[in-house]
>>> print(open('work-v3.cif').read())   # mmCIF, C-alpha atoms
data_final
loop_
_atom_site.group_PDB
_atom_site.id
_atom_site.type_symbol
_atom_site.label_atom_id
_atom_site.label_comp_id
_atom_site.auth_asym_id
_atom_site.auth_seq_id
_atom_site.Cartn_x
_atom_site.Cartn_y
_atom_site.Cartn_z
ATOM 1 C CA MET A 13 -16.105 3.222 -5.654
ATOM 2 C CA ARG A 14 -12.751 1.778 -6.635
ATOM 3 C CA TYR A 15 -11.539 1.351 -3.080
ATOM 4 C CA GLN A 16 -12.930 -0.283 0.030
ATOM 5 C CA ILE A 17 -11.568 1.179 3.257
ATOM 6 C CA GLU A 18 -11.257 -0.591 6.575
ATOM 7 C CA GLU A 19 -9.894 1.260 9.594
ATOM 8 C CA ARG A 20 -8.064 -1.139 11.889
ATOM 9 C CA GLU A 21 -6.308 -0.731 15.204
ATOM 10 C CA ASN A 22 -2.850 0.223 13.928
ATOM 11 C CA HIS A 23 -3.370 0.755 10.193
ATOM 12 C CA ILE A 24 -5.782 1.489 7.375
ATOM 13 C CA LEU A 25 -6.473 -1.383 4.952
ATOM 14 C CA ILE A 26 -7.342 -0.115 1.485
ATOM 15 C CA GLN A 27 -8.656 -2.730 -0.936
ATOM 16 C CA PHE A 28 -8.495 -1.789 -4.609
ATOM 17 C CA LEU A 29 -11.506 -3.321 -6.361
ATOM 18 C CA ASN A 30 -10.514 -3.279 -10.069
ATOM 19 C CA GLU A 31 -8.245 -5.417 -12.239
ATOM 20 C CA ARG A 32 -6.483 -2.406 -13.776
ATOM 21 C CA LEU A 33 -4.721 0.334 -11.849
ATOM 22 C CA ILE A 34 -4.835 3.504 -13.992
ATOM 23 C CA ASP A 35 -3.608 7.075 -13.495
ATOM 24 C CA ASP A 36 -6.980 8.247 -12.216
ATOM 25 C CA ASP A 37 -6.965 5.489 -9.578
ATOM 26 C CA ILE A 38 -3.611 6.699 -8.269
ATOM 27 C CA ARG A 39 -4.900 10.287 -8.132
ATOM 28 C CA VAL A 40 -7.990 9.188 -6.182
ATOM 29 C CA LEU A 41 -5.777 7.202 -3.815
ATOM 30 C CA GLU A 42 -3.482 10.185 -3.242
ATOM 31 C CA GLU A 43 -6.473 12.407 -2.451
ATOM 32 C CA PHE A 44 -7.912 9.834 -0.077
ATOM 33 C CA LEU A 45 -4.598 9.371 1.721
ATOM 34 C CA GLU A 46 -4.531 13.095 2.522
ATOM 35 C CA GLU A 47 -7.284 12.292 5.044
ATOM 36 C CA TYR A 48 -4.987 9.821 6.841
ATOM 37 C CA PRO A 49 -1.576 11.535 7.006
ATOM 38 C CA LYS A 50 -0.620 9.876 10.298
ATOM 39 C CA GLU A 51 -1.786 6.313 9.700
ATOM 40 C CA ASN A 52 0.040 3.194 8.561
ATOM 41 C CA ILE A 53 -1.339 2.001 5.208
ATOM 42 C CA ILE A 54 -1.723 -1.463 3.718
ATOM 43 C CA LEU A 55 -2.819 -1.240 0.087
ATOM 44 C CA GLN A 56 -4.350 -4.510 -1.102
ATOM 45 C CA LEU A 57 -4.114 -5.046 -4.865
ATOM 46 C CA PHE A 58 -5.179 -8.709 -5.108
ATOM 47 C CA LEU A 59 -7.410 -8.110 -8.147
ATOM 48 C CA VAL A 60 -4.770 -6.175 -10.106
ATOM 49 C CA ARG A 61 -3.116 -8.238 -12.850
ATOM 50 C CA SER A 62 -0.095 -6.007 -13.417
ATOM 51 C CA ILE A 63 1.261 -2.725 -12.114
ATOM 52 C CA ARG A 64 2.235 -0.079 -14.616
ATOM 53 C CA HIS A 65 2.424 2.723 -12.067
ATOM 54 C CA SER A 66 5.196 1.446 -9.873
ATOM 55 C CA ASN A 67 6.859 4.882 -9.791
ATOM 56 C CA ALA A 68 3.699 6.503 -8.387
ATOM 57 C CA LEU A 69 3.380 3.759 -5.778
ATOM 58 C CA LYS A 70 7.079 4.163 -4.911
ATOM 59 C CA LYS A 71 6.511 7.897 -4.331
ATOM 60 C CA LEU A 72 3.602 7.152 -1.996
ATOM 61 C CA HIS A 73 5.684 4.542 -0.185
ATOM 62 C CA ASP A 74 8.596 6.961 0.199
ATOM 63 C CA SER A 75 6.389 9.798 1.454
ATOM 64 C CA TRP A 76 4.999 7.510 4.180
ATOM 65 C CA GLN A 77 8.495 6.336 5.117
ATOM 66 C CA LYS A 78 9.582 9.974 5.547
ATOM 67 C CA ARG A 79 6.725 10.405 8.045
ATOM 68 C CA ASP A 80 7.943 7.366 10.011
ATOM 69 C CA LEU A 81 4.893 5.399 8.902
ATOM 70 C CA SER A 82 4.418 2.171 6.979
ATOM 71 C CA PHE A 83 3.023 1.889 3.452
ATOM 72 C CA ILE A 84 2.825 -1.757 2.424
ATOM 73 C CA ILE A 85 1.614 -3.179 -0.890
ATOM 74 C CA LEU A 86 -0.317 -6.432 -0.612
ATOM 75 C CA ALA A 87 -0.707 -8.257 -3.939
ATOM 76 C CA LYS A 88 -0.260 -11.552 -5.746
ATOM 77 C CA TYR A 89 3.343 -12.684 -5.975
ATOM 78 C CA ASP A 90 3.665 -12.217 -9.754
ATOM 79 C CA VAL A 91 2.369 -8.629 -9.468
ATOM 80 C CA LEU A 92 4.805 -7.854 -6.665
ATOM 81 C CA GLU A 93 7.682 -8.693 -8.999
ATOM 82 C CA ASP A 94 6.798 -5.530 -10.968
ATOM 83 C CA LEU A 95 7.601 -3.372 -7.924
ATOM 84 C CA SER A 96 10.920 -2.043 -6.730
ATOM 85 C CA ASP A 97 12.664 -4.028 -4.004
ATOM 86 C CA GLU A 98 12.714 -0.786 -1.995
ATOM 87 C CA ILE A 99 8.925 -0.929 -1.550
ATOM 88 C CA SER A 100 7.493 -2.790 1.437
ATOM 89 C CA LYS A 101 5.389 -5.565 -0.045
ATOM 90 C CA ALA A 102 3.811 -8.906 0.813
ATOM 91 C CA SER A 103 1.737 -11.584 -0.880
ATOM 92 C CA THR A 104 -0.379 -12.404 2.187
ATOM 93 C CA GLU A 105 -2.133 -10.273 4.770
ATOM 94 C CA THR A 106 -0.230 -12.093 7.518
ATOM 95 C CA GLY A 107 3.025 -11.171 5.791
ATOM 96 C CA ALA A 108 1.959 -7.520 5.510
ATOM 97 C CA LEU A 109 1.046 -7.412 9.202
ATOM 98 C CA GLU A 110 4.432 -8.930 10.104
ATOM 99 C CA ILE A 111 6.200 -6.231 8.050
ATOM 100 C CA LEU A 112 4.090 -3.566 9.766
ATOM 101 C CA GLN A 113 4.945 -4.944 13.205
ATOM 102 C CA MET A 114 8.649 -5.162 12.344
ATOM 103 C CA GLN A 115 8.717 -1.582 11.001
ATOM 104 C CA GLU A 116 6.937 -0.305 14.121
ATOM 105 C CA LEU A 117 9.545 -1.987 16.320
ATOM 106 C CA GLU A 118 12.359 -0.440 14.254
ATOM 107 C CA ARG A 119 10.860 3.034 14.742
ATOM 108 C CA GLN A 120 10.853 2.726 18.553
#
>>> encode(input="work-v3.cif", output="structure tokens")
Amino acid sequence: MRYQIEERENHILIQFLNERLIDDDIRVLEEFLEEYPKENIILQLFLVRSIRHSNALKKLHDSWQKRDLSFIILAKYDVLEDLSDEISKASTETGALEILQMQELERQ
């Protein structure tokens, strides 16, 4: 399995377990996320060396934002630079949880 899933109190943590994120990985992620349409998501990409599918991740991020939910990318700092500034992102789990908390407060 390419992903490890951990259901937490106020979000789902999805850990991607490969160094390369390919089209098929995005498709599998999209299918999996259909099972959690009302959950905040933190997608951990610590093993990924670069992101070539930033548009696909942006679409996922935007679809969660439209549902009034959080979709946060957690990755190494140099990988995060490949992503749009419009995507919620953090380089530490603490940072991702702070973004999640802040976004939840904004939605109230």
>>> resolve_selection(input="work-v3.cif", expression="the PyMOL selection byres ((chain A and resi 72) around 10)", output="list in words")
Ile38, Leu41, Glu42, Leu45, Ser66, Asn67, Ala68, Leu69, Lys70, Lys71, His73, Asp74, Ser75, Trp76, Gln77, Phe83, Ile84 and Ile99 of chain A
>>> atom_distance(input="work-v3.cif", atom1="CA of Phe58 in chain A", atom2="CA of Glu43 in chain A")
21.3 Å
>>> residues_around(input="work-v3.cif", residues="Gln115 in chain A", least_positions_apart="5", cutoff="9 Å", atoms="only C-alpha atoms", output="number ranges by chain")
A: 81-82, 110, 120
>>> resolve_selection(input="work-v3.cif", expression="the PyMOL selection byres ((chain A and resi 18-26) around 6)", output="list in words")
Gln16, Ile17, Gln27, Glu51, Asn52, Ile53, Ile54, Leu55 and Gln56 of chain A
>>> write_last_selection(input="work-v3.cif", atoms="C-alpha atoms", output="PDB file, in the coordinates of the input")
ATOM      1  CA  GLN A  16     -12.930  -0.283   0.030  1.00  0.00           C
ATOM      2  CA  ILE A  17     -11.568   1.179   3.257  1.00  0.00           C
ATOM      3  CA  GLN A  27      -8.656  -2.730  -0.936  1.00  0.00           C
ATOM      4  CA  GLU A  51      -1.786   6.313   9.700  1.00  0.00           C
ATOM      5  CA  ASN A  52       0.040   3.194   8.561  1.00  0.00           C
ATOM      6  CA  ILE A  53      -1.339   2.001   5.208  1.00  0.00           C
ATOM      7  CA  ILE A  54      -1.723  -1.463   3.718  1.00  0.00           C
ATOM      8  CA  LEU A  55      -2.819  -1.240   0.087  1.00  0.00           C
ATOM      9  CA  GLN A  56      -4.350  -4.510  -1.102  1.00  0.00           C
TER      10      GLN A  56
END
>>> resolve_selection(input="work-v3.cif", expression="the PyMOL selection byres ((chain A and resi 33) around 10)", output="list in words")
Arg14, Phe28, Leu29, Asn30, Glu31, Arg32, Ile34, Asp35, Asp36, Asp37, Ile38, Leu57, Leu59, Val60, Arg61, Ser62, Ile63, Arg64 and His65 of chain A
>>> atom_distance(input="work-v3.cif", atom1="CA of Leu86 in chain A", atom2="CA of Thr104 in chain A")
6.6 Å
>>> atom_distance(input="work-v3.cif", atom1="CA of Arg79 in chain A", atom2="CA of Asp94 in chain A")
24.8 Å
>>> closest_residue(input="work-v3.cif", among="A:Arg39, A:Glu105, A:Asp80, A:Pro49", to="Glu118 in chain A", atoms="all atoms listed in the file")
A:Asp80
>>> axis_aligned_box(input="work-v3.cif", around="range 92-108 of chain A", padding_each_side="6 Å", output="AutoDock Vina command-line options")
--center_x 5.3 --center_y -6.6 --center_z -1.7 --size_x 26.8 --size_y 23.6 --size_z 30.5
